[in-house]
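Take a look at the structure set out below.
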Amino acid sequence: MSVKPRMNRPKPSATADADQPFVGPDDVSALNPETALGEPGSFPYTRGVHRTMYRERLWTMRQFAGFGTATNTNGRFKYLLEHGQTGLSTAFDLPTLMGRDSDDPLSLGEVGKCGVAVSSLADMRLLFDGIDLGAVSTSMTINAPAAILLAFYICVAQEQGVPLENLRGTLQNDILKEFHAQNEYVFPPQPSVKLVVDTIEYGTQHMPQWNTVSISGYHIREAGSSAAEELAFTLADGMAYVQASIERGLDVDAIAARLSFFFDVHNDFFEEIAKLRAARRIWAHVMRDRFHARDERSMKLRMHCQTAGVTLTEQQPMNNLIRVAYQAMAAVLGGTQSLHTNSMDETLALPTERAAKLALRTQQILAHETSVTQSVDPLAGSYFIEKLTNEIEAKAHAIFDQIDAMGGVLKAVDRGYFRRCIAESAQAEQKKLDAGEHKIVGVTDFVEDGPPDIDILQIAQGVEDEQVARLKKLKASRDQAKHRSALDRLRDDARDNVNLMPALINAAQADATVGEMMETMKDVFGAYDGGPEW
């Protein structure tokens, strides 16, 4: 899976220092037609993927939500929709993320703690009870078991009578970044990518409005990467998925328009804006020049952004409101299509309703009170922004070359390249903090004594007990012959190397659980041992 996008590349320029106190026309004079700004909505989309951007349609305000049981989270979903949220974003608990059932011995103590517990189709029904899936856009942040959760969602939509072609939303389903940063993998890289392509193929055939992969830099950045590494690793993963899909026999213009991207928005205000602009420009050239896409929609990088969780502090948590507001502004000025703003209390616990509402109000104030939506691209032409965009793009291309020299993304995973880079960047940042070169208000400077004076959301033990009891009841009452037959079909299809989505939907309808389906596939695919440390 090579990542070579051969095209004209901007040359890196020297970073401003004491001898270069300002940026001027000379810093951007080398712009050529391949890197020029152009118009918003026109190739290479540096200035945004839509001609009018937010003047006619705001970004989607999508707050991450999920805790306790499916019933608990269903209530939070309805609360957020009632307060003006325009899309749902689902956080799953750690057992679900790792493909384990709530009653697995390794799940105990974690059920419902960092997200909602979903082990079966019955849980998915409860999660979206009273919510019309044909009228809402839903994001699901899950990776190793992503195809299973998509199967559950499809089953609920069918039970509601919603045609699959009407479903709108996004499945994160980006397994490659798990090997780089987040470590929530189960199967080895090759079969893991095969499962991703299965969902891409199924979505292309049946769910034309659904984004089957959200290629994520967020977790890479949260693990400690630099902005340039986040950008390069994310786009390299995207190229790997496109290449694997083409090798499956899929047409690039049939799949590319339904790929989306997910970026972190960190504290360096202008660097983050430049990163998002560079992402669109690189991707446009990659899709046109390397993959020979013909449809302009294939060349438009559409993105979701989230403010940086790693920048939030336990100390003086009210300060997090300000951090989130500035990061949200950077995402909007960078041209995002969808935005999640973190809640101020997320370093302490899952967000309370009050904190979640304030995070949503941050976006609403930005959209409706600041007038930033009235200019399509207010920072275009800024010498500083254009220079930064060129610099971060040049750094990304240098990283592509390194990945390519190793034989592509999967070979680089095998060699521990991504983990090594992230660890080295995290260490470098920590050294700057230790030396006082970077400051964190309330932590390294302007410190106050005493515990944070805010309410904390507590997840009671009864939540886990309730979830486990309901799951055990389901396992005891289901049609055992139908269940066994469905898992046998899934195992056979995995061995035959066919698309597994139909078998997963069949297993979901037979009340097979997340853990059971994952174990069945593990019989064929094996389990990943984590690979080399570096």
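Ligands are numbered from 1 in the order shown, residues from 1 within each chain, and chains are lettered A, B, ... in the order they appear in the structure tokens.
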
Fill in: Residues within 12 Å of segment 150-152 of chain A, only C-alpha atoms, excluding chain neighbours under 6 positions, as number ranges by chain
A: 118-128, 138-144, 158-159, 164, 167, 169-173, 195-196, 198-200, 202-203, 207, 210-213, 500-514, 517

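Shell of Leu358 of chain A at 12 Å, with only C-alpha atoms counted and residues fewer than 5 places along the chain excluded, is A:Gln63, A:Leu80, A:His83, A:Gly84, A:Gln85, A:Met318, A:Asn320, A:Leu321, A:Ile322, A:Val324, A:Ala325, A:Thr341, A:Asn342, A:Ser343, A:Met344, A:Asp345, A:Pro351, A:Thr352, A:Glu353, A:Gln363, A:Gln364, A:Ile365.
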
Cut-off 12 Å: closest segment 332-430 of chain A/segment 261-276 of chain A atom pairs per residue, using only C-alpha atoms, as a tab-separated table:
```
residue	atom	partner	partner_atom	distance
A:Val332	CA	A:Ile273	CA	8.5
A:Leu333	CA	A:Ile273	CA	6.5
A:Gly334	CA	A:Ile273	CA	4.4
A:Gly335	CA	A:Leu276	CA	7.3
A:Thr336	CA	A:Leu276	CA	7.9
A:Gln337	CA	A:Phe261	CA	9.9
A:Ser338	CA	A:Phe262	CA	9.2
A:Leu339	CA	A:Phe262	CA	9.5
A:His340	CA	A:Asp264	CA	10.0
A:Thr341	CA	A:Val265	CA	9.9
A:Asn342	CA	A:Val265	CA	10.9
A:Asp377	CA	A:Ile273	CA	11.1
A:Pro378	CA	A:Ile273	CA	11.5
A:Leu379	CA	A:Ile273	CA	9.2
A:Ala380	CA	A:Ala274	CA	10.4
A:Gly381	CA	A:Ala274	CA	11.9
A:Ser382	CA	A:Phe270	CA	10.7
A:Tyr383	CA	A:Ala274	CA	11.5
A:Phe384	CA	A:Phe270	CA	8.4
A:Ile385	CA	A:Ala274	CA	6.1
A:Glu386	CA	A:Ala274	CA	7.4
A:Lys387	CA	A:Ala274	CA	8.6
A:Leu388	CA	A:Ala274	CA	5.8
A:Thr389	CA	A:Ala274	CA	4.5
A:Asn390	CA	A:Ala274	CA	8.2
A:Glu391	CA	A:Ala274	CA	8.9
A:Ile392	CA	A:Lys275	CA	6.5
A:Glu393	CA	A:Lys275	CA	7.8
A:Ala394	CA	A:Lys275	CA	11.1
A:Lys395	CA	A:Lys275	CA	10.7
A:Ala396	CA	A:Lys275	CA	9.8
```

Worksheet item: What lies within 10 Å of Ala398 of chain A using only C-alpha atoms, ignoring chain neighbours under 6 positions off, as a count of residues only?
Response: 4

Item to complete: Select, from A:Gln306, A:Ser214, A:Gln315, A:Gln374, the residue with the minimum atom-to-atom distance to Asp445 of chain A, counting only C-alpha atoms.
Response: A:Gln315

Worksheet item: Excluding same-chain residues fewer than 5 positions from Ile403 of chain A, what lies within 7 Å of it counting only C-alpha atoms, as a ChimeraX atom specification?
Response: /A:408-409,412

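Nearest to Glu424 of chain A of all the residues A:Ala223, A:Ala481, A:Ala494, A:Leu149 is A:Ala223, counting only C-alpha atoms.
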
Practice prompt. List the neighbours of Glu230 of chain A out to 6 Å using only C-alpha atoms; skip same-chain residues closer than 3 positions along the sequence, and give me the result as a VMD selection string.
Written response: chain A and resid 217 220 to 221 227 233 to 234

Could you write out that same residue set with all heavy atoms as a compact mmCIF listing (two decimals), in the first residue's frame?
```txt
# COMPACT_ATOMS: atom_id res chain seq x y z
N GLY A 217 -7.22 11.33 12.55
CA GLY A 217 -5.96 11.81 13.10
C GLY A 217 -6.10 12.19 14.56
O GLY A 217 -5.10 12.39 15.25
N ILE A 220 -4.28 9.98 17.02
CA ILE A 220 -2.84 10.08 16.77
C ILE A 220 -2.29 11.32 17.47
O ILE A 220 -1.26 11.28 18.15
CB ILE A 220 -2.58 10.13 15.25
CG1 ILE A 220 -2.94 8.78 14.62
CG2 ILE A 220 -1.14 10.50 14.96
CD1 ILE A 220 -2.98 8.79 13.10
N ARG A 221 -3.01 12.44 17.34
CA ARG A 221 -2.57 13.68 17.98
C ARG A 221 -2.70 13.60 19.50
O ARG A 221 -1.83 14.06 20.25
CB ARG A 221 -3.39 14.86 17.45
CG ARG A 221 -2.86 16.22 17.89
CD ARG A 221 -1.49 16.51 17.26
NE ARG A 221 -0.97 17.83 17.60
CZ ARG A 221 -1.38 18.97 17.04
NH1 ARG A 221 -2.36 18.95 16.13
NH2 ARG A 221 -0.84 20.11 17.38
N ALA A 227 1.50 18.18 14.76
CA ALA A 227 0.44 18.48 13.80
C ALA A 227 0.76 17.89 12.43
O ALA A 227 -0.12 17.33 11.76
CB ALA A 227 0.23 19.98 13.70
N PHE A 233 0.07 11.01 8.78
CA PHE A 233 -0.35 9.64 9.11
C PHE A 233 -1.80 9.41 8.73
O PHE A 233 -2.17 8.35 8.22
CB PHE A 233 -0.17 9.37 10.61
CG PHE A 233 1.26 9.38 11.11
CD1 PHE A 233 1.54 9.30 12.46
CD2 PHE A 233 2.33 9.47 10.22
CE1 PHE A 233 2.84 9.31 12.92
CE2 PHE A 233 3.65 9.49 10.68
CZ PHE A 233 3.90 9.41 12.03
N THR A 234 -2.64 10.41 8.97
CA THR A 234 -4.06 10.28 8.65
C THR A 234 -4.28 10.13 7.15
O THR A 234 -5.00 9.24 6.69
CB THR A 234 -4.83 11.50 9.17
OG1 THR A 234 -4.58 11.66 10.56
CG2 THR A 234 -6.33 11.35 8.94
```

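Summary of the local environment: counting only C-alpha atoms, residues at most 7 Å from Thr204 of chain A, other than itself and those fewer than 4 positions away along its chain, are Ile200, Pro208, Ala254 and Ile255 of chain A.
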
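Closest approach to Glu314 of chain A from the set A:Val443, A:Val186, A:Ala527, A:Ala284 is made by A:Val443, with distances taken over only C-alpha atoms.
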
Discussion item. Given only C-alpha atoms as the basis, pick out the residue of A:Thr86, A:Ser375, A:Asn166, A:Gln461 nearest to Gly112 of chain A.
Written reply: A:Gln461

Worksheet item: What is the distance, in Å and to one decimal place, between atom CA of Ser225 of chain A and atom CA of Asp237 of chain A?
Response: 15.1 Å

Worksheet item: Please, which residues of segment 166-292 of chain A, numbered as in this document, come out alpha helix (DSSP H) from DSSP, as a ChimeraX atom specification?
Response: /A:176-177,189-206,218-222,227-248,252-255,269-285

For the residues in that selection, give me C-alpha atoms as a CSV table (one decimal), in the first residue's frame.
```
chain,number,residue,atom,x,y,z
A,176,LEU,CA,-5.1,1.6,11.0
A,177,LYS,CA,-4.8,4.4,13.5
A,189,PRO,CA,-3.6,-5.5,10.4
A,190,GLN,CA,-4.3,-7.4,7.1
A,191,PRO,CA,-7.7,-8.9,8.1
A,192,SER,CA,-8.5,-5.8,10.0
A,193,VAL,CA,-8.2,-3.7,6.8
A,194,LYS,CA,-10.2,-6.4,4.9
A,195,LEU,CA,-13.1,-5.8,7.3
A,196,VAL,CA,-12.9,-2.1,6.7
A,197,VAL,CA,-13.1,-2.7,2.9
A,198,ASP,CA,-16.1,-5.0,3.5
A,199,THR,CA,-18.0,-2.1,5.1
A,200,ILE,CA,-16.9,0.3,2.3
A,201,GLU,CA,-18.1,-2.1,-0.3
A,202,TYR,CA,-21.5,-2.8,1.5
A,203,GLY,CA,-22.0,1.0,2.1
A,204,THR,CA,-21.3,1.8,-1.6
A,205,GLN,CA,-23.9,-0.8,-2.7
A,206,HIS,CA,-26.6,-0.1,-0.1
A,218,TYR,CA,-7.6,12.8,16.4
A,219,HIS,CA,-6.3,9.8,18.4
A,220,ILE,CA,-2.8,10.1,16.8
A,221,ARG,CA,-2.6,13.7,18.0
A,222,GLU,CA,-4.0,12.9,21.4
A,227,ALA,CA,0.4,18.5,13.8
A,228,ALA,CA,2.4,17.5,10.7
A,229,GLU,CA,2.5,13.8,11.8
A,230,GLU,CA,-1.2,13.8,12.5
A,231,LEU,CA,-1.8,15.2,9.0
A,232,ALA,CA,0.6,12.8,7.2
A,233,PHE,CA,-0.3,9.6,9.1
A,234,THR,CA,-4.1,10.3,8.7
A,235,LEU,CA,-3.8,10.9,4.9
A,236,ALA,CA,-1.5,8.0,4.5
A,237,ASP,CA,-4.1,5.7,6.1
A,238,GLY,CA,-6.7,7.2,3.8
A,239,MET,CA,-4.6,6.3,0.8
A,240,ALA,CA,-4.2,2.8,2.1
A,241,TYR,CA,-7.9,2.3,2.4
A,242,VAL,CA,-8.5,3.7,-1.1
A,243,GLN,CA,-5.8,1.4,-2.6
A,244,ALA,CA,-7.3,-1.7,-0.8
A,245,SER,CA,-10.7,-0.8,-2.1
A,246,ILE,CA,-9.5,-0.5,-5.7
A,247,GLU,CA,-7.7,-3.8,-5.3
A,248,ARG,CA,-11.1,-5.2,-4.2
A,252,VAL,CA,-12.5,5.1,-6.9
A,253,ASP,CA,-15.4,7.5,-7.7
A,254,ALA,CA,-17.9,5.1,-6.2
A,255,ILE,CA,-16.1,5.1,-2.8
A,269,PHE,CA,-4.4,28.4,16.7
A,270,PHE,CA,-2.9,29.3,13.3
A,271,GLU,CA,-1.0,26.0,12.9
A,272,GLU,CA,-4.3,24.1,13.3
A,273,ILE,CA,-6.0,26.2,10.6
A,274,ALA,CA,-3.1,25.7,8.3
A,275,LYS,CA,-3.2,21.9,8.9
A,276,LEU,CA,-6.8,21.7,7.8
A,277,ARG,CA,-6.2,23.8,4.7
A,278,ALA,CA,-3.2,21.6,3.8
A,279,ALA,CA,-5.2,18.5,4.3
A,280,ARG,CA,-7.7,19.5,1.7
A,281,ARG,CA,-5.1,20.5,-0.8
A,282,ILE,CA,-3.0,17.3,-0.4
A,283,TRP,CA,-6.0,15.0,-0.7
A,284,ALA,CA,-7.3,16.7,-3.8
A,285,HIS,CA,-4.0,16.2,-5.6
```
